[in-house]
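K.L.:
The structure that follows is given in the form of structure tokens.
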Amino acid sequence: MDAAAFPPENVAALLRWYVDHGLDETIGEEAVDRFALPPPAAAQVPGAPPSNAIAPTPVRPPTPPPAVRAPVPLESPQLVEDARELARRCATIAELEEAVRAFEGCALKRTAKNTVFADGVAGAPLMIVGEAPGADEDRLGKPFVGVSGQLLDRMFAALGMSRERDLYITNILFWRPPGNRTPTLAEQAVCLAFTRRHIELARPKLVVLAGGTSAKAMLDTTEGIMRLRGKWATVKLDDGTEMPAMPTFHPAYLLRTPASKRQSWLDLLAIDKKLGELGVKVSS
Ligand code: URA
């Protein structure tokens with residue numbers, strides 16, 4: 001490699017570009033210079049003579065390839081309906097998890113390593129709904145296990161709560177978007193059908209919406225998190241249940257903007273107060 005042509009800052013920028021586009025793993029020890037490879041040889045049919053042999057006169061035209069089914073359009077309105085219907089038929093969280101794991105209607109599943117369903121105590125009084133799994137969550141198959149998850153744990157530990165005892169944690173998406181890009185509205189709509197049923201089945205006393213994407217999707221609003229956070233809202237579920245919901249900053253945002261932790265602390269105090277009003281005892 002000509003070191004002058006690839007100064008370290010260019011290489012770093014190129015690596016960042018790869019990561020931003022979802023290429024966050026190397027699969028070979030050595031880079032392959034595909035320009036230096038010989039042109040690909042014509043495909044060799046097993047049992048056929050080598051391509052440089054004199055071809056026999058074909059006796060009949062080659063068999064046409066089998067008709068290929070048109071690809072099913074992903075995240076279509078029909079897929080959202082299918083997801084809703086599947087979710088509605090699930091009577092328990094275990095059935096819902098099975099349905100999500102078997103669901104093939106979200107393109108994100110194709111690039112993700114794992115389905116990330118939930119963590120914590122199903123049926124806990126507080127349910128946290130984040131945005132989407134990141135790289136660590138995708139690798140381990142659990143929500144909020146990376147650095148932002150560690151901050152989330154510390155935030156709720158300050159209220160004497162833990163995911164082992166008092167919290168149930170999920171995301172609006174079950175699969176990591178490549179390069180952690182913002183999920184499209186179509187991707188959100190499909191997964192949301194399951195997430196809404198997830199809340200119905202988990203029956204928490206209140207829901208915390210972590211970050212703007214989760215808050216907007218769950219509250220069906222275009223209002224941003226700056227306006228939404230700190231104010232009680234209502235999540236209206238398909239079975240008619242209405243649940244108090246607190247939109248708050250995403251822990252990843254707090255890691256980037258520590259000055260916002262003050263507002264986040266006020267949100268946590270409001271959550272603590274509401275739990276008290278709802279008769280939820282937190283035993284620390
Ligand atoms: N961010 C989220 O919103 N959810 C996770 O599970 C991890 C990071």
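Identifiers for the structure tokens are assigned positionally: chains receive A, B, ... in sequence, residues are indexed from 1 per chain, and ligands are indexed from 1 in the order shown.
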Can you pull out every residue with an atom within 6 Å of ligand 1? Use only C-alpha atoms and all ligand atoms and format it as a count of residues only.

P.N.:
9

K.L.:
Enumerate the residues of segment 92-263 of chain A with a DSSP assignment of helix (DSSP H, G or I), computed from the backbone, and present them as a ChimeraX atom specification.

P.N.:
/A:93-102,108-111,135-140,147-157,178-180,185-202,212-219,225-228,251-256,258-263

K.L.:
Restricting the calculation to only C-alpha atoms, which member of A:Ala102, A:Thr115, A:Gln188, A:Phe194 is positioned closest to Arg89 of chain A?

P.N.:
A:Phe194

K.L.:
Counting only C-alpha atoms, what is within 9 Å of Phe174 of chain A, bar same-chain residues fewer than 4 positions away, as JSON, numbers by chain?

P.N.:
{"A": [100, 101, 108, 109, 114, 115, 116, 117, 118, 132, 133, 143, 170, 191, 195]}

K.L.:
Selected residues, N, CA, C and O atoms, written as a compact mmCIF listing (two decimals), in the first residue's frame, please.

P.N.:
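Wrote out.txt, looks like this:
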```txt
# COMPACT_ATOMS: atom_id res chain seq x y z
N VAL A 100 -42.74 -13.35 16.78
CA VAL A 100 -41.77 -12.34 16.30
C VAL A 100 -40.56 -13.05 15.71
O VAL A 100 -40.07 -12.70 14.63
N ARG A 101 -40.08 -14.08 16.41
CA ARG A 101 -38.89 -14.79 15.93
C ARG A 101 -39.15 -15.48 14.58
O ARG A 101 -38.24 -15.63 13.77
N LEU A 108 -35.22 -5.84 7.99
CA LEU A 108 -34.09 -5.69 8.92
C LEU A 108 -33.62 -7.05 9.43
O LEU A 108 -32.45 -7.21 9.78
N LYS A 109 -34.53 -8.01 9.47
CA LYS A 109 -34.17 -9.33 10.00
C LYS A 109 -33.07 -9.98 9.14
O LYS A 109 -32.26 -10.75 9.65
N ASN A 114 -29.33 -11.38 15.33
CA ASN A 114 -30.26 -11.92 16.33
C ASN A 114 -31.57 -11.15 16.35
O ASN A 114 -31.59 -9.96 16.01
N THR A 115 -32.60 -11.82 16.81
CA THR A 115 -33.85 -11.13 17.14
C THR A 115 -33.70 -10.69 18.59
O THR A 115 -33.32 -11.48 19.45
N VAL A 116 -33.97 -9.40 18.84
CA VAL A 116 -33.82 -8.87 20.21
C VAL A 116 -35.23 -8.59 20.72
O VAL A 116 -35.89 -7.65 20.28
N PHE A 117 -35.72 -9.45 21.61
CA PHE A 117 -37.13 -9.35 22.00
C PHE A 117 -37.32 -8.53 23.27
O PHE A 117 -37.98 -7.49 23.25
N ALA A 118 -36.75 -8.98 24.38
CA ALA A 118 -36.98 -8.26 25.65
C ALA A 118 -35.98 -8.72 26.69
O ALA A 118 -35.29 -9.72 26.50
N ALA A 132 -34.17 0.71 18.90
CA ALA A 132 -33.77 -0.47 18.13
C ALA A 132 -32.47 -1.02 18.68
O ALA A 132 -31.69 -0.27 19.27
N PRO A 133 -32.23 -2.30 18.50
CA PRO A 133 -30.96 -2.85 18.98
C PRO A 133 -29.78 -2.21 18.26
O PRO A 133 -29.87 -1.88 17.08
N PRO A 143 -31.97 -6.44 24.72
CA PRO A 143 -32.00 -4.98 24.56
C PRO A 143 -31.16 -4.27 25.62
O PRO A 143 -31.03 -4.75 26.75
N THR A 170 -37.88 -3.44 26.31
CA THR A 170 -37.97 -3.86 24.91
C THR A 170 -37.66 -2.66 24.01
O THR A 170 -37.27 -1.59 24.48
N CYS A 191 -43.02 -3.55 12.96
CA CYS A 191 -42.61 -4.03 14.29
C CYS A 191 -43.55 -3.52 15.38
O CYS A 191 -43.81 -4.19 16.37
N THR A 195 -45.04 -4.74 19.03
CA THR A 195 -44.68 -4.03 20.27
C THR A 195 -45.93 -3.59 21.03
O THR A 195 -45.99 -3.67 22.26
```

K.L.:
Can you pull out the residues contacting Ala94 of chain A? Cut-off 12 Å, using only C-alpha atoms, and skip same-chain residues under 2 positions away; I want them as an NGL selection string.

P.N.:
:A and (87 or 90-92 or 96-101 or 117-118 or 122 or 198 or 201-202)

K.L.:
Counting only C-alpha atoms, what is within 12 Å of Met161 of chain A, bar same-chain residues fewer than 5 positions away, as a VMD selection string?

P.N.:
chain A and resid 120 to 121 124 to 127 152 to 156 166 to 168 268 271 to 272 275 280 to 284

K.L.:
Write the residues of the selection above to a file with N, CA and C atoms, as a compact mmCIF listing (two decimals), in the first residue's frame.

P.N.:
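The file below, result_29.txt, is the result:
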```txt
# COMPACT_ATOMS: atom_id res chain seq x y z
N GLY A 120 -35.45 -8.47 31.31
CA GLY A 120 -36.05 -8.04 32.57
C GLY A 120 -37.21 -8.94 32.96
N VAL A 121 -38.13 -8.36 33.73
CA VAL A 121 -39.21 -9.16 34.31
C VAL A 121 -40.52 -8.88 33.56
N ALA A 124 -43.51 -6.70 35.00
CA ALA A 124 -43.04 -5.68 35.94
C ALA A 124 -43.90 -4.42 35.79
N PRO A 125 -44.01 -3.60 36.84
CA PRO A 125 -44.87 -2.41 36.75
C PRO A 125 -44.36 -1.36 35.76
N LEU A 126 -43.08 -1.40 35.46
CA LEU A 126 -42.52 -0.38 34.55
C LEU A 126 -41.94 -1.06 33.31
N MET A 127 -42.41 -0.60 32.16
CA MET A 127 -41.89 -1.16 30.90
C MET A 127 -41.18 -0.05 30.14
N LEU A 152 -28.69 3.38 31.26
CA LEU A 152 -30.10 3.16 31.61
C LEU A 152 -30.21 2.43 32.95
N ASP A 153 -29.40 1.40 33.12
CA ASP A 153 -29.41 0.64 34.39
C ASP A 153 -29.06 1.57 35.57
N ARG A 154 -28.06 2.42 35.36
CA ARG A 154 -27.64 3.31 36.47
C ARG A 154 -28.75 4.32 36.78
N MET A 155 -29.44 4.80 35.72
CA MET A 155 -30.52 5.78 35.94
C MET A 155 -31.62 5.17 36.81
N PHE A 156 -32.02 3.93 36.49
CA PHE A 156 -33.11 3.33 37.27
C PHE A 156 -32.62 2.80 38.61
N ASP A 166 -37.44 -5.19 38.72
CA ASP A 166 -38.55 -4.22 38.60
C ASP A 166 -38.85 -3.73 37.19
N LEU A 167 -38.01 -4.06 36.21
CA LEU A 167 -38.17 -3.45 34.89
C LEU A 167 -38.37 -4.52 33.81
N TYR A 168 -39.15 -4.13 32.81
CA TYR A 168 -39.27 -4.98 31.62
C TYR A 168 -38.86 -4.09 30.45
N LEU A 268 -37.13 11.15 35.72
CA LEU A 268 -37.07 9.97 36.60
C LEU A 268 -37.83 10.23 37.90
N ILE A 271 -41.44 9.86 37.25
CA ILE A 271 -41.79 8.43 37.13
C ILE A 271 -41.92 7.80 38.52
N ASP A 272 -40.96 8.14 39.38
CA ASP A 272 -40.96 7.60 40.75
C ASP A 272 -42.24 8.03 41.49
N LEU A 275 -45.27 6.16 40.15
CA LEU A 275 -45.31 4.78 40.64
C LEU A 275 -45.86 4.75 42.05
N VAL A 280 -47.24 1.37 43.52
CA VAL A 280 -46.15 0.42 43.25
C VAL A 280 -45.04 0.66 44.27
N LYS A 281 -44.69 -0.41 45.00
CA LYS A 281 -43.61 -0.30 45.98
C LYS A 281 -42.33 -0.80 45.35
N VAL A 282 -41.30 0.03 45.44
CA VAL A 282 -39.99 -0.39 44.93
C VAL A 282 -39.15 -0.76 46.14
N SER A 283 -38.77 -2.04 46.22
CA SER A 283 -37.97 -2.46 47.38
C SER A 283 -36.51 -2.46 47.00
N SER A 284 -35.74 -1.50 47.52
CA SER A 284 -34.34 -1.43 47.14
C SER A 284 -33.47 -2.17 48.15
```

K.L.:
With only C-alpha atoms as the basis for distance, which of A:Thr234, A:Gly211, A:Lys205, A:Leu140 is at the shortest distance from Lys274 of chain A?

P.N.:
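Checking each candidate against Lys274 of chain A, we get A:Lys205 as the closest.
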
K.L.:
Just list the residues in segment 165-284 of chain A DSSP gives strand (DSSP E or B) on the backbone, as a ChimeraX atom specification.

P.N.:
/A:167-171,206-210,233-236,242-248

K.L.:
Quick one: distance from atom CA of Ala270 of chain A to atom CA of Pro183 of chain A in Å, one decimal?

P.N.:
29.1 Å

K.L.:
Calculate how many Å separate atom CA of Thr111 of chain A from atom CA of Arg256 of chain A, rounding to one decimal.

P.N.:
26.8 Å

K.L.:
Do you have the atom CA of Arg203 of chain A-atom CA of Gly230 of chain A distance handy?

P.N.:
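About the pair atom CA of Arg203 of chain A and atom CA of Gly230 of chain A: they are 22.0 Å apart.
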
K.L.:
Nearest to Ala189 of chain A: which of A:Asp220, A:Asp138, A:Asp238, A:Asp267 is it, counting only C-alpha atoms?

P.N.:
A:Asp220
